[in-house]
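Asks: PDB, C-alpha atoms and all ligand atoms, saved as work.pdb, coming up:
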ATOM      1  CA  MET H 172     103.847 113.831 112.930
ATOM      2  CA  LYS H 173     105.255 111.506 115.616
ATOM      3  CA  ASN H 174     107.788 108.920 114.386
ATOM      4  CA  PRO H 175     107.152 109.201 110.644
ATOM      5  CA  LYS H 176     108.402 106.287 108.558
ATOM      6  CA  ILE H 177     109.446 108.602 105.736
ATOM      7  CA  GLN H 178     110.555 112.224 106.061
ATOM      8  CA  ILE H 179     110.895 114.289 102.916
ATOM      9  CA  ASN H 180     112.718 117.514 103.588
ATOM     10  CA  ASN H 181     112.768 120.469 101.198
ATOM     11  CA  LEU H 182     113.069 118.156  98.202
ATOM     12  CA  SER H 183     113.384 119.532  94.687
ATOM     13  CA  VAL H 184     113.805 117.402  91.575
ATOM     14  CA  PHE H 185     114.978 118.441  88.120
ATOM     15  CA  PHE H 186     115.186 116.587  84.820
ATOM     16  CA  ASN H 187     117.631 118.258  82.428
ATOM     17  CA  TYR H 188     117.367 121.423  84.553
ATOM     18  CA  VAL H 189     113.570 121.505  84.230
ATOM     19  CA  GLN H 190     112.044 121.461  87.694
ATOM     20  CA  ALA H 191     109.606 118.603  88.366
ATOM     21  CA  LEU H 192     109.261 118.975  92.155
ATOM     22  CA  ASN H 193     109.580 122.192  94.115
ATOM     23  CA  ARG H 194     110.665 122.111  97.783
ATOM     24  CA  ILE H 195     108.476 119.281  98.996
ATOM     25  CA  THR H 196     108.427 118.786 102.758
ATOM     26  CA  LEU H 197     106.283 115.901 103.909
ATOM     27  CA  ASP H 198     106.174 113.221 106.625
ATOM     28  CA  LEU H 199     104.555 109.872 105.887
ATOM     29  CA  PRO H 200     103.257 107.585 108.636
ATOM     30  CA  GLU H 201     104.228 103.950 109.184
ATOM     31  CA  ASN H 202     101.825 101.124 108.311
ATOM     32  CA  ARG H 203      99.301 103.390 106.661
ATOM     33  CA  VAL H 204      98.295 104.012 103.062
ATOM     34  CA  THR H 205      99.115 107.450 101.685
ATOM     35  CA  VAL H 206      97.857 108.311  98.201
ATOM     36  CA  LEU H 207      99.470 110.829  95.897
ATOM     37  CA  ILE H 208      96.936 112.616  93.712
ATOM     38  CA  GLY H 209      97.078 115.446  91.215
ATOM     39  CA  PRO H 210      96.806 116.095  87.476
ATOM     40  CA  SER H 211      99.078 114.416  84.948
ATOM     41  CA  GLY H 212     102.608 115.800  85.043
ATOM     42  CA  CYS H 213     102.303 117.259  88.578
ATOM     43  CA  GLY H 214     105.174 115.097  89.856
ATOM     44  CA  LYS H 215     103.549 112.043  91.495
ATOM     45  CA  THR H 216     105.803 109.490  89.818
ATOM     46  CA  SER H 217     108.889 111.648  90.333
ATOM     47  CA  LEU H 218     108.119 111.940  94.046
ATOM     48  CA  LEU H 219     107.458 108.215  94.400
ATOM     49  CA  ARG H 220     110.711 107.390  92.646
ATOM     50  CA  THR H 221     112.762 109.592  94.980
ATOM     51  CA  LEU H 222     111.802 107.215  97.807
ATOM     52  CA  ASN H 223     113.883 104.338  96.451
ATOM     53  CA  ARG H 224     116.272 106.394  94.323
ATOM     54  CA  MET H 225     114.867 105.095  91.060
ATOM     55  CA  ASN H 226     115.142 108.542  89.457
ATOM     56  CA  GLU H 227     118.883 108.093  89.374
ATOM     57  CA  LEU H 228     118.409 105.702  86.460
ATOM     58  CA  ILE H 229     117.188 108.698  84.425
ATOM     59  CA  GLN H 230     119.719 110.797  82.506
ATOM     60  CA  GLY H 231     119.622 114.438  83.570
ATOM     61  CA  PHE H 232     118.169 113.811  87.039
ATOM     62  CA  LEU H 233     119.230 116.228  89.765
ATOM     63  CA  TYR H 234     117.857 116.679  93.254
ATOM     64  CA  LYS H 235     118.197 118.996  96.224
ATOM     65  CA  GLY H 236     116.991 118.248  99.724
ATOM     66  CA  GLU H 237     116.784 115.104 101.814
ATOM     67  CA  VAL H 238     114.772 111.935 102.261
ATOM     68  CA  PHE H 239     114.959 109.985 105.511
ATOM     69  CA  ILE H 240     113.584 106.507 106.095
ATOM     70  CA  ASP H 241     113.575 105.442 109.739
ATOM     71  CA  GLY H 242     115.713 108.513 110.378
ATOM     72  CA  ILE H 243     118.422 107.485 107.891
ATOM     73  CA  ASN H 244     119.262 109.734 104.951
ATOM     74  CA  ILE H 245     118.769 107.430 101.955
ATOM     75  CA  TYR H 246     120.868 109.722  99.736
ATOM     76  CA  ASP H 247     123.925 109.238 101.930
ATOM     77  CA  LYS H 248     126.997 107.861 100.153
ATOM     78  CA  SER H 249     127.028 104.818 102.428
ATOM     79  CA  ILE H 250     123.581 103.596 101.296
ATOM     80  CA  ASP H 251     123.527 100.233  99.507
ATOM     81  CA  LEU H 252     121.108 100.730  96.588
ATOM     82  CA  VAL H 253     120.203  97.048  96.230
ATOM     83  CA  LYS H 254     119.247  96.888  99.909
ATOM     84  CA  LEU H 255     117.348 100.164  99.659
ATOM     85  CA  ARG H 256     115.299  98.907  96.713
ATOM     86  CA  ASN H 257     114.523  95.680  98.582
ATOM     87  CA  THR H 258     113.364  97.651 101.618
ATOM     88  CA  VAL H 259     111.393 100.048  99.420
ATOM     89  CA  GLY H 260     109.661  97.839  96.868
ATOM     90  CA  MET H 261     107.874  99.172  93.818
ATOM     91  CA  VAL H 262     104.954  98.115  91.642
ATOM     92  CA  PHE H 263     104.221  99.911  88.364
ATOM     93  CA  GLN H 264     101.157 100.574  86.224
ATOM     94  CA  LYS H 265     102.135  97.764  83.874
ATOM     95  CA  SER H 266     103.434  94.466  85.179
ATOM     96  CA  ASN H 267     107.186  94.162  84.758
ATOM     97  CA  LEU H 268     107.480  90.450  85.410
ATOM     98  CA  PHE H 269     110.491  88.686  83.949
ATOM     99  CA  PRO H 270     109.926  86.291  81.013
ATOM    100  CA  LYS H 271     110.469  83.400  83.403
ATOM    101  CA  THR H 272     108.264  80.992  85.313
ATOM    102  CA  ILE H 273     105.891  82.163  88.034
ATOM    103  CA  PHE H 274     108.118  80.476  90.613
ATOM    104  CA  ASP H 275     111.353  82.025  89.342
ATOM    105  CA  ASN H 276     109.828  85.513  89.369
ATOM    106  CA  VAL H 277     108.842  85.276  93.016
ATOM    107  CA  ALA H 278     112.027  83.449  94.030
ATOM    108  CA  PHE H 279     114.195  86.106  92.401
ATOM    109  CA  ALA H 280     114.934  88.295  95.446
ATOM    110  CA  PRO H 281     115.438  85.447  97.962
ATOM    111  CA  ARG H 282     117.885  83.775  95.556
ATOM    112  CA  LEU H 283     119.684  87.084  95.027
ATOM    113  CA  GLN H 284     119.934  87.395  98.801
ATOM    114  CA  GLY H 285     121.838  84.113  98.751
ATOM    115  CA  ILE H 286     119.198  81.699 100.013
ATOM    116  CA  LYS H 287     120.089  78.311  98.485
ATOM    117  CA  ASP H 288     117.847  75.928 100.448
ATOM    118  CA  GLU H 289     115.043  75.066  97.965
ATOM    119  CA  LYS H 290     112.681  74.124 100.786
ATOM    120  CA  LYS H 291     113.125  77.574 102.320
ATOM    121  CA  ILE H 292     112.557  79.221  98.926
ATOM    122  CA  ASN H 293     109.396  77.149  98.395
ATOM    123  CA  GLU H 294     108.127  78.360 101.758
ATOM    124  CA  ILE H 295     108.839  81.994 100.934
ATOM    125  CA  VAL H 296     107.077  81.698  97.564
ATOM    126  CA  GLU H 297     103.977  80.208  99.173
ATOM    127  CA  THR H 298     103.945  82.761 101.998
ATOM    128  CA  VAL H 299     104.281  85.855  99.836
ATOM    129  CA  CYS H 300     101.878  84.579  97.161
ATOM    130  CA  THR H 301      99.335  83.934  99.906
ATOM    131  CA  LYS H 302      99.872  87.462 101.259
ATOM    132  CA  ALA H 303      99.430  88.835  97.744
ATOM    133  CA  ALA H 304      96.145  86.921  97.355
ATOM    134  CA  ILE H 305      97.362  85.000  94.297
ATOM    135  CA  TRP H 306      98.437  81.626  95.736
ATOM    136  CA  ASN H 307      95.240  79.695  95.037
ATOM    137  CA  GLU H 308      95.267  80.775  91.407
ATOM    138  CA  ILE H 309      98.879  79.767  90.714
ATOM    139  CA  LYS H 310      99.839  76.993  93.103
ATOM    140  CA  ASP H 311      99.214  74.282  90.484
ATOM    141  CA  LYS H 312     101.173  76.031  87.737
ATOM    142  CA  LEU H 313     104.253  77.469  89.381
ATOM    143  CA  GLN H 314     106.492  76.226  86.568
ATOM    144  CA  THR H 315     104.526  77.914  83.775
ATOM    145  CA  GLU H 316     105.409  81.249  82.186
ATOM    146  CA  ALA H 317     104.429  84.223  84.365
ATOM    147  CA  LEU H 318     103.610  86.266  81.275
ATOM    148  CA  ASN H 319     100.719  83.903  80.457
ATOM    149  CA  LEU H 320      98.779  85.073  83.513
ATOM    150  CA  SER H 321      95.987  87.642  83.152
ATOM    151  CA  ALA H 322      96.896  91.312  83.658
ATOM    152  CA  GLY H 323      95.278  91.346  87.113
ATOM    153  CA  GLN H 324      97.104  88.196  88.180
ATOM    154  CA  GLN H 325     100.383  89.613  86.886
ATOM    155  CA  GLN H 326      99.962  92.712  89.051
ATOM    156  CA  ARG H 327      99.342  90.605  92.152
ATOM    157  CA  LEU H 328     102.367  88.487  91.228
ATOM    158  CA  CYS H 329     104.434  91.693  90.991
ATOM    159  CA  ILE H 330     103.286  92.488  94.524
ATOM    160  CA  ALA H 331     104.243  88.949  95.646
ATOM    161  CA  ARG H 332     107.654  89.359  94.014
ATOM    162  CA  ALA H 333     108.168  92.673  95.820
ATOM    163  CA  LEU H 334     107.082  91.121  99.145
ATOM    164  CA  ALA H 335     109.654  88.333  98.723
ATOM    165  CA  ALA H 336     112.398  90.970  99.055
ATOM    166  CA  GLU H 337     111.100  91.679 102.596
ATOM    167  CA  PRO H 338     110.233  95.348 102.077
ATOM    168  CA  LYS H 339     109.005  97.720 104.765
ATOM    169  CA  ILE H 340     107.637 100.202 102.256
ATOM    170  CA  LEU H 341     105.682  99.533  99.054
ATOM    171  CA  LEU H 342     105.487 102.154  96.333
ATOM    172  CA  MET H 343     102.652 101.650  93.874
ATOM    173  CA  ASP H 344     102.356 103.797  90.771
ATOM    174  CA  GLU H 345      98.792 103.403  89.465
ATOM    175  CA  PRO H 346      98.952  99.604  89.842
ATOM    176  CA  ALA H 347      95.261  99.126  89.028
ATOM    177  CA  THR H 348      94.769 101.758  86.327
ATOM    178  CA  ALA H 349      95.059  99.271  83.462
ATOM    179  CA  LEU H 350      92.886  96.594  85.096
ATOM    180  CA  ASP H 351      89.251  95.515  84.840
ATOM    181  CA  PRO H 352      86.921  96.310  87.797
ATOM    182  CA  ILE H 353      87.154  92.843  89.384
ATOM    183  CA  SER H 354      90.961  92.826  89.326
ATOM    184  CA  THR H 355      90.961  96.403  90.617
ATOM    185  CA  ALA H 356      88.762  95.407  93.540
ATOM    186  CA  LYS H 357      91.160  92.549  94.348
ATOM    187  CA  ILE H 358      94.128  94.926  94.388
ATOM    188  CA  GLU H 359      92.251  97.387  96.617
ATOM    189  CA  GLU H 360      91.296  94.615  99.042
ATOM    190  CA  LEU H 361      94.905  93.483  99.086
ATOM    191  CA  ILE H 362      96.194  96.992  99.876
ATOM    192  CA  LEU H 363      93.875  97.191 102.880
ATOM    193  CA  GLU H 364      95.219  93.848 104.139
ATOM    194  CA  LEU H 365      98.862  94.698 103.580
ATOM    195  CA  LYS H 366      98.769  98.065 105.300
ATOM    196  CA  SER H 367      98.920  96.604 108.810
ATOM    197  CA  ASN H 368     102.468  95.439 108.050
ATOM    198  CA  TYR H 369     103.695  97.771 105.331
ATOM    199  CA  THR H 370     103.907 101.480 104.707
ATOM    200  CA  ILE H 371     102.222 102.012 101.353
ATOM    201  CA  VAL H 372     102.512 105.016  99.058
ATOM    202  CA  PHE H 373     100.040 104.756  96.201
ATOM    203  CA  VAL H 374      99.505 106.926  93.127
ATOM    204  CA  THR H 375      96.047 107.013  91.608
ATOM    205  CA  HIS H 376      93.961 109.125  89.263
ATOM    206  CA  ASN H 377      90.775 107.651  90.627
ATOM    207  CA  MET H 378      89.324 109.753  93.443
ATOM    208  CA  GLN H 379      86.878 107.052  94.563
ATOM    209  CA  GLN H 380      89.764 104.642  94.794
ATOM    210  CA  ALA H 381      91.870 107.152  96.756
ATOM    211  CA  ALA H 382      89.008 107.625  99.216
ATOM    212  CA  ARG H 383      88.438 103.866  99.587
ATOM    213  CA  ILE H 384      91.982 102.733 100.213
ATOM    214  CA  SER H 385      93.926 105.549 101.854
ATOM    215  CA  ASP H 386      94.420 106.934 105.336
ATOM    216  CA  TYR H 387      96.285 110.034 104.146
ATOM    217  CA  THR H 388      96.176 112.034 100.942
ATOM    218  CA  THR H 389      98.821 114.228  99.341
ATOM    219  CA  PHE H 390      97.691 116.625  96.635
ATOM    220  CA  LEU H 391     100.380 117.826  94.238
ATOM    221  CA  TYR H 392      99.993 120.507  91.594
ATOM    222  CA  MET H 393     102.721 121.579  89.170
ATOM    223  CA  GLY H 394     105.490 120.156  91.308
ATOM    224  CA  GLN H 395     104.250 121.729  94.519
ATOM    225  CA  LEU H 396     102.742 120.098  97.567
ATOM    226  CA  ILE H 397      99.384 121.832  97.906
ATOM    227  CA  GLU H 398      97.836 119.874 100.759
ATOM    228  CA  PHE H 399      98.493 116.817 102.919
ATOM    229  CA  GLY H 400      96.124 115.418 105.493
ATOM    230  CA  LYS H 401      93.841 112.641 106.635
ATOM    231  CA  THR H 402      91.851 111.374 103.656
ATOM    232  CA  THR H 403      88.518 111.636 105.483
ATOM    233  CA  LYS H 404      89.218 115.307 106.168
ATOM    234  CA  MET H 405      90.628 116.152 102.744
ATOM    235  CA  PHE H 406      87.757 114.558 100.883
ATOM    236  CA  THR H 407      85.065 116.233 102.986
ATOM    237  CA  ASN H 408      86.630 119.469 104.086
ATOM    238  CA  PRO H 409      89.831 120.371 102.242
ATOM    239  CA  VAL H 410      91.650 123.508 103.342
ATOM    240  CA  ASN H 411      92.725 124.531  99.855
ATOM    241  CA  LYS H 412      90.388 125.585  97.053
ATOM    242  CA  GLN H 413      92.578 123.854  94.407
ATOM    243  CA  THR H 414      92.370 120.582  96.361
ATOM    244  CA  GLU H 415      88.602 120.863  96.488
ATOM    245  CA  ASP H 416      88.368 121.637  92.764
ATOM    246  CA  TYR H 417      90.573 118.669  91.892
ATOM    247  CA  ILE H 418      88.836 116.187  94.160
ATOM    248  CA  THR H 419      85.406 117.199  92.926
ATOM    249  CA  GLY H 420      86.551 116.814  89.339
ATOM    250  CA  ARG H 421      86.545 120.461  88.292
ATOM    251  CA  PHE H 422      89.926 119.954  86.603
ATOM    252  CA  GLY H 423      92.401 117.184  86.183
TER     253      GLY H 423
HETATM  254  N1  LIG J   1     112.408 110.918  82.454
HETATM  255  C1  LIG J   1     112.061 112.211  82.382
HETATM  256  N2  LIG J   1     112.749 113.088  81.635
HETATM  257  C2  LIG J   1     112.392 114.385  81.553
HETATM  258  N3  LIG J   1     111.346 114.904  82.212
HETATM  259  C3  LIG J   1     110.621 114.088  82.989
HETATM  260  C4  LIG J   1     110.939 112.701  83.119
HETATM  261  N4  LIG J   1     110.025 112.143  83.972
HETATM  262  C5  LIG J   1     109.197 113.139  84.328
HETATM  263  N5  LIG J   1     109.544 114.304  83.750
HETATM  264  C6  LIG J   1     108.853 115.607  83.919
HETATM  265  O1  LIG J   1     108.640 115.831  85.293
HETATM  266  C7  LIG J   1     107.345 116.349  85.526
HETATM  267  C8  LIG J   1     106.584 115.439  86.475
HETATM  268  O2  LIG J   1     106.324 114.214  85.818
HETATM  269  P1  LIG J   1     105.758 112.939  86.579
HETATM  270  O3  LIG J   1     106.437 112.806  87.883
HETATM  271  O4  LIG J   1     105.827 111.793  85.646
HETATM  272  O5  LIG J   1     104.230 113.371  86.816
HETATM  273  P2  LIG J   1     102.930 112.480  87.130
HETATM  274  O6  LIG J   1     103.395 111.132  87.577
HETATM  275  O7  LIG J   1     102.209 113.247  88.188
HETATM  276  O8  LIG J   1     102.137 112.439  85.857
HETATM  277  C9  LIG J   1     106.688 116.485  84.158
HETATM  278  O9  LIG J   1     106.841 117.812  83.740
HETATM  279  C10 LIG J   1     107.462 115.544  83.279
HETATM  280  O10 LIG J   1     107.497 115.989  81.960
HETATM  281 MG    MG J   2     102.973 109.223  86.824
END
Output the file's structure in the form of structure tokens.
Ligand SMILES: Nc1ncnc2c1ncn2[C@@H]1O[C@H](COP(=O)(O)OP(=O)(O)O)[C@@H](O)[C@H]1O
Ligand SMILES: [Mg+2]

Replies:
Amino acid sequence: MKNPKIQINNLSVFFNYVQALNRITLDLPENRVTVLIGPSGCGKTSLLRTLNRMNELIQGFLYKGEVFIDGINIYDKSIDLVKLRNTVGMVFQKSNLFPKTIFDNVAFAPRLQGIKDEKKINEIVETVCTKAAIWNEIKDKLQTEALNLSAGQQQRLCIARALAAEPKILLMDEPATALDPISTAKIEELILELKSNYTIVFVTHNMQQAARISDYTTFLYMGQLIEFGKTTKMFTNPVNKQTEDYITGRFG
């Protein structure tokens, strides 16, 4: 691949010496959506979390191999982890908003970055909430508790909060799995809008969803990368029999 945004090179991951990922080598393109699919326990979350070094919060984590973002090895000693996790934002299956107001949740990263001018912070909050397709629903209640929003609104607010840190990459670990169909559709629409400006890596169990939102698909099985390719190709004409069986629902 020419100029990949993310290069994963011979990456293995272990938790307490049990191997979760086995020699993954994979390039991911800039400003596209790549989905990670595969049965439960195949390593999707572990792989996602190597991209912003979140696995290091887990006791017993070990890795071998390299991950480059824009050609820079993110496991180098000189890497500032706070900056890395701003550049590589993450959204989880369940909202992890702070028990604070809507405004304070979204303003969190800009304030941490030292922005003091309230007018500037107001602007950022409006901009990112608009981008996350939540502004109209919250603009009249910015000072209310974020945790009172519906589950679907909370997920979009999590995306707004991540965007406020000015990321280049967004990691999403089944962000719509716990949502109703209308909220899921809103998240999917949002992903398609965001992908012109962000590199998105998205985990899903839902094959229809993977086909709708992604440009590229990565199929993992028992810690191994089985197949990577354009979604249109993988969903119509996969190279590997296991990929075909998984996508068509023969196991999973
Ligand atoms: N915090 C952890 N401690 C120990 N083992 C873990 C931990 N997280 C994941 N694993 C193991 O790593 C493997 C991959 O898990 P995971 O990445 O969560 O898979 P997926 O997201 O595809 O369901 C599994 O065997 C799982 O048990
Ligand atoms: Mg997972």

Asks: So, counting all atoms listed in the file, which residue among H:Lys310, H:Lys248, H:Lys339, H:Arg220 is closest to ligand MG 2 (chain J)?

Replies: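 Nearest to ligand MG 2 (chain J): H:Arg220.
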
Asks: Decode the PyMOL selection byres (((chain H and resi 358-364) around 10) and not hetatm) for the given file into explicit residues and return them as a ChimeraX atom specification.

Replies: /H:203-204,302-304,323-324,326-327,330,341,343,346-347,350,352-357,365-369,371,373,380-381,383-385

Asks: Could the residues in this selection be saved with C-alpha atoms as a short mmCIF file (atom, residue, chain, number, x, y, z; two decimals), in the coordinates of the input?

Replies:
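Output saved as result_25.cif:
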data_model
loop_
_atom_site.label_atom_id
_atom_site.label_comp_id
_atom_site.auth_asym_id
_atom_site.auth_seq_id
_atom_site.Cartn_x
_atom_site.Cartn_y
_atom_site.Cartn_z
CA ARG H 203 99.30 103.39 106.66
CA VAL H 204 98.30 104.01 103.06
CA LYS H 302 99.87 87.46 101.26
CA ALA H 303 99.43 88.84 97.74
CA ALA H 304 96.14 86.92 97.36
CA GLY H 323 95.28 91.35 87.11
CA GLN H 324 97.10 88.20 88.18
CA GLN H 326 99.96 92.71 89.05
CA ARG H 327 99.34 90.60 92.15
CA ILE H 330 103.29 92.49 94.52
CA LEU H 341 105.68 99.53 99.05
CA MET H 343 102.65 101.65 93.87
CA PRO H 346 98.95 99.60 89.84
CA ALA H 347 95.26 99.13 89.03
CA LEU H 350 92.89 96.59 85.10
CA PRO H 352 86.92 96.31 87.80
CA ILE H 353 87.15 92.84 89.38
CA SER H 354 90.96 92.83 89.33
CA THR H 355 90.96 96.40 90.62
CA ALA H 356 88.76 95.41 93.54
CA LYS H 357 91.16 92.55 94.35
CA LEU H 365 98.86 94.70 103.58
CA LYS H 366 98.77 98.06 105.30
CA SER H 367 98.92 96.60 108.81
CA ASN H 368 102.47 95.44 108.05
CA TYR H 369 103.70 97.77 105.33
CA ILE H 371 102.22 102.01 101.35
CA PHE H 373 100.04 104.76 96.20
CA GLN H 380 89.76 104.64 94.79
CA ALA H 381 91.87 107.15 96.76
CA ARG H 383 88.44 103.87 99.59
CA ILE H 384 91.98 102.73 100.21
CA SER H 385 93.93 105.55 101.85
#

Asks: Once you count all atoms listed in the file, which residues end up within 6 Å of ligand LIG 1 (chain J), and could you hand them over as a VMD selection string?

Replies: chain H and resid 186 191 211 to 217 229

Asks: Show which residues sit within 10 Å of Phe232 in chain H, as a PDB file with C-alpha atoms, keeping the file's coordinate frame. Count only C-alpha atoms, and ignore same-chain residues fewer than 5 positions away.

Replies:
ATOM      1  CA  VAL H 184     113.805 117.402  91.575  1.00  0.00           C
ATOM      2  CA  PHE H 185     114.978 118.441  88.120  1.00  0.00           C
ATOM      3  CA  PHE H 186     115.186 116.587  84.820  1.00  0.00           C
ATOM      4  CA  ASN H 187     117.631 118.258  82.428  1.00  0.00           C
ATOM      5  CA  TYR H 188     117.367 121.423  84.553  1.00  0.00           C
ATOM      6  CA  VAL H 189     113.570 121.505  84.230  1.00  0.00           C
ATOM      7  CA  GLN H 190     112.044 121.461  87.694  1.00  0.00           C
ATOM      8  CA  ALA H 191     109.606 118.603  88.366  1.00  0.00           C
ATOM      9  CA  ASN H 226     115.142 108.542  89.457  1.00  0.00           C
ATOM     10  CA  GLU H 227     118.883 108.093  89.374  1.00  0.00           C
TER      11      GLU H 227
END

Asks: Rounded to one decimal place, report the CA of Phe269 in chain H-CA of Ile250 in chain H distance in Å.

Replies: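 So the two atoms, CA of Phe269 in chain H and CA of Ile250 in chain H, lie 26.4 Å apart.
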
Asks: Suppose you want the space between CA of Thr402 in chain H and CA of Asp198 in chain H; what is it in Å?

Replies: 14.7 Å

Asks: May I have the protein, DNA and RNA residues with an atom at most 12 Å from (99.5, 82.5, 95.9), counting all atoms listed in the file in the file's coordinates, returned as a count of residues only?

Replies: 33

Asks: Using all atoms listed in the file, find the one residue out of H:Lys176, H:Asp275, H:Ser183, H:Glu345 that sits nearest to ligand MG 2 (chain J).

Replies: H:Glu345

Asks: Name the residues that the PyMOL selection byres (((chain H and resi 399) around 9) and not hetatm) picks from the file above, as a ChimeraX atom specification, using the file's chain letters and numbers.

Replies: /H:197,387-391,396-398,400-402,405

Asks: Could you tell me how far CA of Lys404 in chain H sits from CA of Met172 in chain H, in Å to one decimal place?

Replies: 16.2 Å

Asks: Starting from the point (107.8, 84.3, 80.2), work out which residues of protein, DNA or RNA have an atom no more than 6 Å away when counting all atoms listed in the file; state them as a PDB file with C-alpha atoms, keeping the file's coordinate frame.

Replies:
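Once written, part-v9.pdb looks like this:
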ATOM      1  CA  PRO H 270     109.926  86.291  81.013  1.00  0.00           C
ATOM      2  CA  LYS H 271     110.469  83.400  83.403  1.00  0.00           C
ATOM      3  CA  GLU H 316     105.409  81.249  82.186  1.00  0.00           C
ATOM      4  CA  ALA H 317     104.429  84.223  84.365  1.00  0.00           C
ATOM      5  CA  LEU H 318     103.610  86.266  81.275  1.00  0.00           C
TER       6      LEU H 318
END

Asks: Exactly which residues make up the result of the PyMOL selection byres (((chain H and resi 257) around 9) and not hetatm) on this file, given as number ranges by chain?

Replies: H: 223, 252-256, 258-261, 280, 333-339

Asks: Would you list the contacts of Asn181 in chain H as a PDB file with C-alpha atoms, in the coordinates of the input, taking every protein, DNA or RNA residue within 6 Å and counting only C-alpha atoms, but skipping same-chain residues closer than 6 positions in sequence?

Replies:
ATOM      1  CA  ARG H 194     110.665 122.111  97.783  1.00  0.00           C
ATOM      2  CA  ILE H 195     108.476 119.281  98.996  1.00  0.00           C
ATOM      3  CA  THR H 196     108.427 118.786 102.758  1.00  0.00           C
ATOM      4  CA  GLY H 236     116.991 118.248  99.724  1.00  0.00           C
TER       5      GLY H 236
END

Asks: Restricting the calculation to only C-alpha atoms and all ligand atoms, which member of H:Phe239, H:Tyr246, H:Phe263, H:Phe279 is positioned closest to ligand MG 2 (chain J)?

Replies: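 Going through H:Phe239, H:Tyr246, H:Phe263, H:Phe279 one by one, the smallest distance to ligand MG 2 (chain J) is for H:Phe263.
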